[in-house]
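Novice: So here's input_26.txt, just compact mmCIF, C-alpha atoms and all ligand atoms:
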```txt
# COMPACT_ATOMS: atom_id res chain seq x y z
CA MET A 16 0.00 0.00 0.00
CA LYS A 17 2.85 2.32 0.75
CA LEU A 18 4.25 1.78 -2.71
CA PHE A 19 0.85 2.45 -4.27
CA GLY A 20 0.53 5.73 -2.36
CA THR A 21 3.95 6.85 -3.56
CA PHE A 22 3.06 5.94 -7.12
CA VAL A 23 -0.12 8.07 -7.07
CA SER A 24 1.64 11.12 -5.68
CA VAL A 25 4.31 10.90 -8.37
CA VAL A 26 1.67 10.80 -11.08
CA LEU A 27 -0.15 13.80 -9.67
CA ALA A 28 3.03 15.83 -9.34
CA ALA A 29 4.23 15.08 -12.86
CA PRO A 30 3.80 17.73 -15.58
CA ALA A 31 1.02 17.18 -18.09
CA VAL A 32 1.96 14.56 -20.64
CA TYR A 33 1.87 15.92 -24.13
CA ASP A 34 -1.01 14.81 -26.27
CA TYR A 35 -0.60 14.54 -30.04
CA THR A 36 -4.27 15.42 -30.58
CA ALA A 37 -3.71 18.85 -28.96
CA GLN A 38 -1.19 20.18 -31.48
CA SER A 39 -3.40 23.01 -32.67
CA THR A 40 -4.82 23.74 -29.23
CA ALA A 41 -3.95 27.11 -27.74
CA GLY A 42 -2.10 26.77 -24.47
CA SER A 43 -1.12 23.13 -25.01
CA VAL A 44 2.50 22.02 -24.64
CA TRP A 45 2.82 22.47 -28.42
CA ASP A 46 1.85 26.13 -28.05
CA GLN A 47 4.60 27.05 -25.62
CA GLY A 48 8.25 28.14 -25.71
CA VAL A 49 10.39 27.17 -28.68
CA CYS A 50 7.71 24.76 -29.94
CA GLN A 51 5.63 27.84 -30.69
CA THR A 52 8.25 30.55 -31.35
CA GLY A 53 11.02 28.54 -33.05
CA THR A 54 11.83 29.08 -36.71
CA GLY A 55 13.91 25.90 -37.14
CA GLN A 56 11.41 23.28 -36.03
CA SER A 57 10.90 19.62 -36.98
CA PRO A 58 9.57 17.61 -38.67
CA ILE A 59 9.29 19.09 -42.16
CA ASP A 60 8.07 18.04 -45.57
CA VAL A 61 10.85 16.77 -47.85
CA ASP A 62 9.81 18.38 -51.13
CA GLU A 63 11.70 16.95 -54.11
CA SER A 64 11.18 20.18 -56.03
CA ASN A 65 12.89 22.20 -53.31
CA LEU A 66 16.14 20.36 -52.56
CA THR A 67 19.74 21.57 -52.56
CA THR A 68 21.67 18.77 -54.22
CA VAL A 69 25.20 18.25 -52.92
CA THR A 70 27.66 17.52 -55.73
CA GLU A 71 30.89 16.93 -53.78
CA LYS A 72 31.95 13.48 -52.59
CA PHE A 73 31.56 12.81 -48.88
CA ASP A 74 32.71 10.16 -46.42
CA LYS A 75 30.15 7.40 -46.14
CA PHE A 76 28.55 6.63 -42.79
CA THR A 77 30.74 4.22 -40.82
CA PHE A 78 29.06 2.49 -37.89
CA VAL A 79 31.12 1.01 -35.05
CA ASN A 80 29.89 -1.67 -32.61
CA TYR A 81 26.37 -1.72 -34.07
CA GLU A 82 27.00 -5.37 -35.00
CA ASN A 83 27.62 -6.39 -31.39
CA PRO A 84 24.80 -7.90 -29.35
CA HIS A 85 23.48 -5.47 -26.76
CA LYS A 86 20.95 -5.58 -23.99
CA TRP A 87 18.21 -3.02 -24.65
CA THR A 88 15.48 -1.75 -22.35
CA VAL A 89 12.15 -1.38 -24.14
CA LYS A 90 9.41 0.83 -22.82
CA ASN A 91 5.95 2.02 -23.79
CA THR A 92 6.24 5.65 -22.67
CA GLY A 93 2.55 6.38 -23.22
CA HIS A 94 3.27 8.41 -26.35
CA GLY A 95 5.65 6.04 -28.11
CA VAL A 96 7.96 3.08 -27.76
CA LYS A 97 11.55 3.76 -26.73
CA ILE A 98 14.44 1.29 -26.85
CA VAL A 99 17.64 2.12 -24.95
CA PRO A 100 20.94 0.20 -25.03
CA ASP A 101 22.61 -0.74 -21.74
CA VAL A 102 26.00 0.39 -23.03
CA GLU A 103 26.54 3.52 -25.12
CA ASP A 104 29.39 2.21 -27.24
CA MET A 105 27.77 2.43 -30.69
CA THR A 106 29.18 5.34 -32.67
CA PHE A 107 29.21 6.62 -36.23
CA THR A 108 31.39 8.94 -38.25
CA GLY A 109 31.01 10.23 -41.80
CA GLY A 110 27.72 10.95 -43.52
CA ALA A 111 28.87 14.55 -44.05
CA PHE A 112 29.30 15.05 -40.30
CA SER A 113 32.63 16.40 -39.05
CA GLU A 114 32.53 14.68 -35.67
CA GLU A 115 31.70 11.33 -34.09
CA TYR A 116 28.23 10.68 -32.68
CA LYS A 117 27.03 8.09 -30.14
CA LEU A 118 23.71 6.21 -30.12
CA ALA A 119 21.56 6.96 -27.04
CA GLN A 120 18.20 5.38 -27.95
CA PHE A 121 15.75 4.79 -30.74
CA HIS A 122 11.97 5.04 -30.95
CA PHE A 123 9.30 5.22 -33.56
CA HIS A 124 6.21 7.12 -34.64
CA TRP A 125 3.27 5.62 -36.53
CA GLY A 126 -0.23 6.15 -37.90
CA GLN A 127 -3.43 4.18 -37.54
CA GLY A 128 -5.72 1.72 -39.29
CA ASP A 129 -8.12 3.28 -41.79
CA GLY A 130 -10.96 0.92 -40.88
CA GLN A 131 -10.81 -0.76 -44.28
CA GLY A 132 -7.78 -2.97 -43.79
CA GLY A 133 -5.31 -0.25 -44.74
CA TYR A 134 -3.30 2.27 -42.76
CA THR A 135 -2.77 5.99 -42.72
CA GLY A 136 0.53 7.70 -41.87
CA GLY A 137 2.33 7.85 -39.48
CA SER A 138 5.72 9.23 -40.30
CA GLU A 139 6.87 12.57 -38.89
CA HIS A 140 8.70 13.74 -42.00
CA THR A 141 6.58 13.65 -45.11
CA PHE A 142 7.81 13.11 -48.67
CA ASN A 143 6.26 15.38 -51.29
CA GLY A 144 3.48 16.02 -48.80
CA ASN A 145 2.71 12.37 -48.10
CA HIS A 146 3.20 10.38 -44.91
CA TYR A 147 4.65 6.92 -44.82
CA PHE A 148 3.05 4.63 -42.22
CA SER A 149 5.84 5.00 -39.69
CA GLU A 150 9.27 6.46 -39.01
CA VAL A 151 12.03 5.22 -36.72
CA HIS A 152 14.47 7.68 -35.12
CA PHE A 153 17.95 6.64 -34.00
CA VAL A 154 18.94 9.43 -31.59
CA HIS A 155 22.69 10.15 -31.41
CA TYR A 156 24.59 12.82 -29.53
CA LYS A 157 28.02 14.25 -30.20
CA SER A 158 30.57 11.97 -28.53
CA SER A 159 32.36 14.92 -26.95
CA HIS A 160 29.40 15.24 -24.56
CA SER A 161 29.21 12.97 -21.52
CA ASP A 162 25.67 11.84 -22.24
CA LEU A 163 22.43 12.75 -24.02
CA SER A 164 21.28 15.13 -21.28
CA ALA A 165 24.55 17.07 -21.40
CA ALA A 166 24.28 17.30 -25.19
CA VAL A 167 20.70 18.61 -24.99
CA ALA A 168 21.68 21.10 -22.29
CA SER A 169 24.52 22.54 -24.34
CA GLY A 170 22.07 23.78 -26.93
CA ASN A 171 24.11 23.80 -30.16
CA GLN A 172 22.51 23.05 -33.52
CA ASP A 173 24.62 19.96 -34.12
CA ASP A 174 24.65 18.47 -30.60
CA LEU A 175 22.24 15.76 -31.70
CA ALA A 176 22.19 13.76 -34.91
CA VAL A 177 19.01 11.82 -35.50
CA LEU A 178 19.03 9.23 -38.26
CA GLY A 179 15.48 8.68 -39.47
CA PHE A 180 14.10 5.92 -41.65
CA TRP A 181 10.66 5.85 -43.19
CA LEU A 182 8.80 2.56 -42.68
CA GLU A 183 6.58 1.64 -45.62
CA ILE A 184 4.00 -1.14 -45.61
CA ASP A 185 4.70 -3.61 -48.41
CA ASP A 186 3.32 -7.12 -48.14
CA SER A 187 5.03 -8.20 -51.35
CA ILE A 188 8.36 -8.58 -49.55
CA ASP A 189 9.54 -11.14 -47.01
CA GLU A 190 9.51 -10.34 -43.31
CA GLY A 191 12.41 -7.99 -42.57
CA PRO A 192 14.44 -6.98 -39.53
CA PHE A 193 11.95 -4.39 -38.34
CA ASP A 194 9.12 -6.95 -38.52
CA TYR A 195 11.20 -9.29 -36.37
CA LEU A 196 11.96 -6.53 -33.92
CA ILE A 197 8.32 -5.56 -33.43
CA THR A 198 6.41 -8.81 -33.77
CA ASP A 199 8.91 -11.33 -32.38
CA ILE A 200 10.85 -9.38 -29.77
CA VAL A 201 9.16 -6.19 -28.66
CA ASP A 202 5.40 -6.64 -29.15
CA ASP A 203 4.12 -8.17 -25.90
CA LYS A 204 6.43 -6.03 -23.76
CA VAL A 205 5.03 -2.69 -24.89
CA GLN A 206 1.33 -3.37 -25.36
CA ALA A 207 0.45 -1.25 -22.36
CA TYR A 208 1.74 2.07 -21.05
CA ASN A 209 4.46 1.48 -18.50
CA ASN A 210 5.44 4.29 -16.18
CA VAL A 211 7.05 1.98 -13.63
CA THR A 212 10.78 1.83 -14.20
CA GLU A 213 11.22 -1.41 -12.30
CA THR A 214 9.18 -3.41 -14.76
CA ASN A 215 10.97 -2.28 -17.89
CA GLU A 216 11.66 -5.20 -20.19
CA VAL A 217 15.01 -6.19 -21.60
CA ILE A 218 15.71 -7.62 -25.04
CA PHE A 219 18.86 -8.85 -26.75
CA TRP A 220 19.41 -7.45 -30.23
CA SER A 221 21.98 -5.96 -32.59
CA ALA A 222 21.37 -2.53 -34.09
CA ASN A 223 23.04 -3.50 -37.36
CA HIS A 224 19.93 -5.45 -38.32
CA ILE A 225 18.62 -2.02 -39.32
CA ILE A 226 21.77 0.15 -39.44
CA ASP A 227 24.98 -1.15 -40.94
CA THR A 228 27.88 0.32 -42.84
CA ASP A 229 27.36 -1.90 -45.89
CA ASP A 230 23.72 -1.03 -46.59
CA VAL A 231 23.16 2.31 -44.91
CA GLY A 232 26.70 3.67 -45.19
CA SER A 233 26.34 4.60 -48.84
CA SER A 234 22.60 5.31 -48.95
CA SER A 235 21.15 8.56 -50.24
CA PHE A 236 19.71 10.89 -47.63
CA TYR A 237 18.13 14.27 -46.91
CA ARG A 238 19.77 16.62 -44.40
CA TYR A 239 18.58 19.77 -42.66
CA ASP A 240 18.93 21.68 -39.38
CA GLY A 241 15.96 21.20 -37.08
CA GLY A 242 14.92 20.27 -33.59
CA LEU A 243 13.35 17.72 -31.28
CA THR A 244 9.89 16.74 -32.52
CA THR A 245 8.59 16.48 -28.96
CA PRO A 246 8.26 19.27 -26.39
CA THR A 247 10.38 21.20 -25.55
CA CYS A 248 11.27 21.22 -29.27
CA ASN A 249 14.92 22.33 -28.75
CA GLU A 250 16.56 23.34 -32.05
CA ILE A 251 19.64 21.16 -31.54
CA VAL A 252 19.22 18.39 -34.12
CA THR A 253 20.98 17.88 -37.41
CA TRP A 254 18.48 15.65 -39.18
CA THR A 255 19.17 12.85 -41.62
CA VAL A 256 16.24 11.11 -43.29
CA PHE A 257 17.21 8.27 -45.59
CA LYS A 258 15.65 8.16 -49.03
CA ASP A 259 15.19 4.38 -49.17
CA THR A 260 12.33 3.17 -47.01
CA ILE A 261 12.40 0.13 -44.74
CA LYS A 262 9.64 -2.22 -45.87
CA ILE A 263 7.40 -3.72 -43.20
CA LYS A 264 4.51 -6.16 -43.31
CA ALA A 265 0.91 -5.04 -42.72
CA ALA A 266 0.86 -7.48 -39.79
CA THR A 267 3.57 -5.41 -38.12
CA ALA A 268 1.56 -2.22 -38.62
CA ALA A 269 -1.41 -4.06 -37.11
CA LYS A 270 0.67 -4.89 -34.02
CA MET A 271 1.89 -1.32 -33.61
CA THR A 272 -1.63 0.09 -33.72
CA THR A 273 -2.76 -2.14 -30.85
CA PHE A 274 -0.40 -0.58 -28.31
CA SER A 275 -2.07 1.51 -25.58
CA ASN A 276 -1.30 5.08 -24.64
CA ASP A 277 -1.10 6.56 -21.14
CA ASN A 278 -4.89 6.95 -21.02
CA GLN A 279 -5.28 3.30 -22.04
CA GLY A 280 -6.63 4.42 -25.40
CA ALA A 281 -5.07 3.39 -28.69
CA LEU A 282 -1.50 4.64 -29.08
CA VAL A 283 -1.76 5.82 -32.69
CA ASN A 284 -0.90 8.93 -34.72
CA ASN A 285 1.98 9.79 -32.40
CA PHE A 286 3.62 12.16 -34.83
CA ARG A 287 4.08 15.93 -34.87
CA GLU A 288 2.67 17.90 -37.78
CA THR A 289 5.20 19.22 -40.30
CA GLN A 290 6.63 22.65 -39.60
CA ASP A 291 7.51 25.59 -41.83
CA LEU A 292 10.99 25.57 -43.35
CA ASN A 293 11.38 29.33 -42.85
CA GLY A 294 14.06 29.47 -45.52
CA ARG A 295 16.09 26.50 -44.34
CA ALA A 296 17.83 24.39 -46.98
CA VAL A 297 17.05 20.69 -47.28
CA LYS A 298 20.15 19.09 -48.78
CA PHE A 299 20.14 15.91 -50.82
CA TYR A 300 23.20 13.66 -50.58
CA ASP A 301 23.35 11.08 -53.36
CA GLY A 302 24.72 7.78 -52.06
CA SER A 303 26.74 7.32 -55.25
CA LEU A 304 28.99 10.17 -54.05
CA ALA A 305 29.75 8.44 -50.73
CA LYS A 306 33.39 7.36 -50.51
CA ASP A 307 35.45 5.37 -48.04
CA PRO A 308 36.87 7.68 -45.36
CA SER A 309 40.36 8.85 -46.21
CA ALA A 310 41.61 8.33 -42.68
CA PRO A 311 39.77 6.22 -40.11
CA THR A 312 38.79 8.26 -37.08
CA SER A 313 38.09 5.32 -34.82
CA THR A 314 39.13 1.70 -34.59
CA PRO A 315 36.26 -0.71 -35.26
CA THR A 316 37.80 -3.62 -33.40
CA THR A 317 38.89 -3.04 -29.85
CA SER A 318 40.02 -5.61 -27.33
CA ASN A 319 36.62 -5.28 -25.68
CA ASN A 320 34.94 -5.93 -29.00
CA THR A 321 37.01 -9.07 -29.60
CA GLU A 322 36.14 -10.32 -26.15
CA LYS A 323 32.44 -9.85 -26.83
CA LYS A 324 32.65 -11.72 -30.11
CA SER A 325 34.35 -14.68 -28.48
CA LYS A 326 31.42 -15.01 -26.11
CA VAL A 327 28.86 -15.77 -28.80
CA ASP A 328 28.19 -18.79 -30.93
CA ALA A 329 26.29 -18.55 -34.19
CA LYS A 330 23.30 -20.83 -34.40
CA VAL A 331 20.41 -21.19 -36.79
CA ALA A 332 17.25 -22.85 -35.65
CA PHE A 333 13.50 -22.98 -36.20
CA GLY A 334 10.52 -23.74 -33.98
CA MET A 335 10.20 -23.39 -30.21
CA LEU A 336 13.34 -22.29 -28.44
CA PRO A 337 14.20 -21.23 -24.90
CA VAL A 338 14.47 -17.47 -24.62
CA SER A 339 15.83 -15.77 -21.54
CA PHE A 340 15.01 -12.36 -20.15
CA GLU A 341 17.04 -10.66 -17.48
CA ASP A 342 15.49 -8.37 -14.89
CA PRO A 343 17.58 -5.17 -15.11
CA LEU A 344 17.55 -4.57 -11.34
CA SER A 345 17.72 -7.97 -9.71
CA GLY A 346 19.75 -9.58 -12.49
CA GLU A 347 17.42 -12.56 -12.24
CA VAL A 348 17.12 -14.47 -15.51
CA SER A 349 13.90 -16.24 -16.41
CA THR A 350 13.54 -18.55 -19.37
CA VAL A 351 10.41 -19.21 -21.43
CA MET A 352 9.76 -21.24 -24.57
CA LYS A 353 9.05 -18.92 -27.48
CA PRO A 354 8.27 -19.62 -31.13
CA VAL A 355 10.99 -18.16 -33.33
CA GLN A 356 11.84 -18.54 -36.96
CA LYS A 357 15.55 -18.24 -36.63
CA ILE A 358 18.23 -17.45 -34.14
CA ILE A 359 21.58 -16.14 -35.08
CA MET A 360 23.63 -16.10 -31.91
CA CYS A 361 23.57 -17.51 -28.43
CA PHE A 362 25.97 -16.45 -25.72
CA THR A 363 28.39 -19.24 -24.93
CA ASN A 364 27.64 -21.15 -21.71
CA SER A 365 24.26 -19.47 -21.29
CA ASP A 366 20.69 -19.57 -22.54
CA LEU A 367 20.79 -15.97 -23.75
CA CYS A 368 20.10 -15.78 -27.46
CA MET A 369 19.63 -13.05 -30.03
CA PHE A 370 17.30 -13.02 -33.02
CA GLN A 371 17.76 -11.66 -36.46
ZN ZN B 401 11.13 10.74 -32.88
```
Please go through the file and, once you have read it, give me the structure as structure tokens.
Ligand SMILES: [Zn+2]

Specialist:
Amino acid sequence: MKLFGTFVSVVLAAPAVYDYTAQSTAGSVWDQGVCQTGTGQSPIDVDESNLTTVTEKFDKFTFVNYENPHKWTVKNTGHGVKIVPDVEDMTFTGGAFSEEYKLAQFHFHWGQGDGQGGYTGGSEHTFNGNHYFSEVHFVHYKSSHSDLSAAVASGNQDDLAVLGFWLEIDDSIDEGPFDYLITDIVDDKVQAYNNVTETNEVIFWSANHIIDTDDVGSSSFYRYDGGLTTPTCNEIVTWTVFKDTIKIKAATAAKMTTFSNDNQGALVNNFRETQDLNGRAVKFYDGSLAKDPSAPTSTPTTSNNTEKKSKVDAKVAFGMLPVSFEDPLSGEVSTVMKPVQKIIMCFTNSDLCMFQ
């Protein structure tokens, strides 16, 4: 009972949670501070007829440690789903950035069912005025900052680098890595709003299933200076939105639209409306101009990395397999049988496995 009393008081004392349906409401969180007065806000429409095409070659994105298995905490925040790695050792260079950036978390935004078996968008950035169903944001901060909070506090335009991918429903393709992530790993852990830190769920996963140097490193992308798409809308983000979409199955969209928000209603349409460019340039970087970096700025393989690799065995399997989940506080590991289509790695001498 004591715990319950504490919980209630925390909820009452907390500031009002922002509501995506209140974006045009006077006095809402969207109508305050920089969200309302800023001239470099996000998201925006990517208009093909209004791009500044970059013609010089540039260093391709190079991602370090994204291929390593990590433990990630997944959470339904009430207005989205956020996935945070336990170790911030994933970094990238290149991609027309002059410094190294570190991955802090990723999350996604999505639309809703249209009542006729289809879906409406969804994505925060639009393309020629049209939404894709969903958009995933990999939030990075400049490695010279101690952590994400310090980067946000410092308030410079390029403190954060968010890499965004549009998610497009296409049932003509096989199930892809994002389908696996949502339907096989994340789904049942984020169905309901979870404001209790102690019950956050942990998954095992490698970020390179979505982001890797081979596929993403030389992809074409759009780039502009903007801000956080959630209050307080700080204008501290250099945005990258990749031209090529990630294809997902309709079944995955169906899963995403069954999650609950913090009022136990449907968690759908959790995207901010597009904002005025106010004269900002949206640059287009053609992937064919991406080149290998002339001088590596970081070493992909460290002794720590080698040690991690030696702890995993590659396996491929189908059917029911034991899957373990570790409680982040107690360290207690519980194992359940779970249907999976394939497994790529299991930690040596343990039941902990990772899916692709
Ligand atoms: Zn976002």

Novice: Record the distance separating CA of Val283 in chain A and CA of Ser187 in chain A, expressed in Å with one decimal.

Specialist: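 Pair CA of Val283 in chain A / CA of Ser187 in chain A returns 24.3 Å.
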
Novice: When the cut-off is 10 Å and you count all atoms listed in the file, which residues lie near ligand ZN 401 (chain B), shown as an mmCIF file with C-alpha atoms, in the coordinates of the input?

Specialist:
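part.cif, freshly written:
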```
data_model
loop_
_atom_site.group_PDB
_atom_site.id
_atom_site.type_symbol
_atom_site.label_atom_id
_atom_site.label_comp_id
_atom_site.auth_asym_id
_atom_site.auth_seq_id
_atom_site.Cartn_x
_atom_site.Cartn_y
_atom_site.Cartn_z
ATOM 1 C CA SER A 57 10.900 19.620 -36.980
ATOM 2 C CA PRO A 58 9.570 17.610 -38.670
ATOM 3 C CA GLY A 95 5.650 6.040 -28.110
ATOM 4 C CA VAL A 96 7.960 3.080 -27.760
ATOM 5 C CA LYS A 97 11.550 3.760 -26.730
ATOM 6 C CA PHE A 121 15.750 4.790 -30.740
ATOM 7 C CA HIS A 122 11.970 5.040 -30.950
ATOM 8 C CA PHE A 123 9.300 5.220 -33.560
ATOM 9 C CA HIS A 124 6.210 7.120 -34.640
ATOM 10 C CA SER A 138 5.720 9.230 -40.300
ATOM 11 C CA GLU A 139 6.870 12.570 -38.890
ATOM 12 C CA HIS A 140 8.700 13.740 -42.000
ATOM 13 C CA GLU A 150 9.270 6.460 -39.010
ATOM 14 C CA VAL A 151 12.030 5.220 -36.720
ATOM 15 C CA HIS A 152 14.470 7.680 -35.120
ATOM 16 C CA PHE A 153 17.950 6.640 -34.000
ATOM 17 C CA VAL A 154 18.940 9.430 -31.590
ATOM 18 C CA VAL A 177 19.010 11.820 -35.500
ATOM 19 C CA LEU A 178 19.030 9.230 -38.260
ATOM 20 C CA GLY A 179 15.480 8.680 -39.470
ATOM 21 C CA LEU A 243 13.350 17.720 -31.280
ATOM 22 C CA THR A 244 9.890 16.740 -32.520
ATOM 23 C CA THR A 245 8.590 16.480 -28.960
ATOM 24 C CA ASN A 285 1.980 9.790 -32.400
ATOM 25 C CA PHE A 286 3.620 12.160 -34.830
ATOM 26 C CA ARG A 287 4.080 15.930 -34.870
#
```

Novice: Counting only C-alpha atoms, figure out which residue out of A:Ala266, A:Leu182, A:Val231, A:Val89 gets nearest to Val201 in chain A.

Specialist: A:Val89

Novice: Work out how far apart CA of Val252 in chain A and CA of Thr70 in chain A are and give it in Å to one decimal.

Specialist: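 Value for the CA of Val252 in chain A-CA of Thr70 in chain A distance: 23.2 Å.
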
Novice: Can you work out the spacing between CA of Tyr156 in chain A and CA of Ala222 in chain A in Å, to one decimal?

Specialist: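 It comes out at 16.3 Å.
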
Novice: List the neighbours of Lys306 in chain A out to 6 Å using only C-alpha atoms; skip same-chain residues closer than 3 positions along the sequence, and give me the result as a list in words.

Specialist: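 Counting only C-alpha atoms, the residues come to Phe73, Asp74 and Lys75 of chain A.
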
Novice: Just checking: using only C-alpha atoms, which residue out of A:Ala166, A:Leu282, A:Ile197, A:Ala176 ends up closest to Phe107 in chain A?

Specialist: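 Closest candidate: A:Ala176.
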
Novice: Of the candidates A:Gln172, A:Thr54, A:Gln127, A:Ser221, which shows the shortest atom-to-atom distance to Lys86 in chain A, using all atoms listed in the file?

Specialist: A:Ser221

Novice: Between A:Ala268, A:Val205, A:Val99, A:Met105, which one has atoms that come closest to Ile226 in chain A, using all atoms listed in the file?

Specialist: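 Of A:Ala268, A:Val205, A:Val99, A:Met105, the one nearest Ile226 in chain A is A:Met105, counting all atoms listed in the file.
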
Novice: Please determine, counting all atoms listed in the file, which residue among A:Ile261, A:Cys50, A:Met271, A:Ile98 has the shortest atom-to-atom distance to Thr198 in chain A.

Specialist: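 Residue with the minimum atom-to-atom distance to Thr198 in chain A: A:Met271.
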
Novice: Please return the centre and edge lengths, in Å to one decimal, of a box with edges along x, y and z that contains all listed atoms of range 44-58 of chain A, widened by 5 Å on every side, as JSON.

Specialist:
```
{"center_x": 7.9, "center_y": 24.1, "center_z": -31.7, "size_x": 22.1, "size_y": 22.9, "size_z": 24.0}
```

Novice: Give me the residues near Gln51 in chain A as a list in words, where near means some atom within 9 Å (using all atoms listed in the file) and where sequence neighbours in that chain fewer than 6 positions away do not count.

Specialist: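 The filter keeps Val44, Trp45 and Cys248 of chain A.
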
Novice: Keeping C-alpha atoms for every residue in the selection just given, could you write it to a file as a PDB file, in the frame of the given file?

Specialist:
```pdb
ATOM      1  CA  VAL A  44       2.500  22.020 -24.640  1.00  0.00           C
ATOM      2  CA  TRP A  45       2.820  22.470 -28.420  1.00  0.00           C
ATOM      3  CA  CYS A 248      11.270  21.220 -29.270  1.00  0.00           C
TER       4      CYS A 248
END
```

Novice: Counting all atoms listed in the file, which residue out of A:Gly109, A:Gly126, A:Gly346, A:Gly133 sits closest to Lys72 in chain A?

Specialist: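 Ranking A:Gly109, A:Gly126, A:Gly346, A:Gly133 by distance to Lys72 in chain A, first place goes to A:Gly109.
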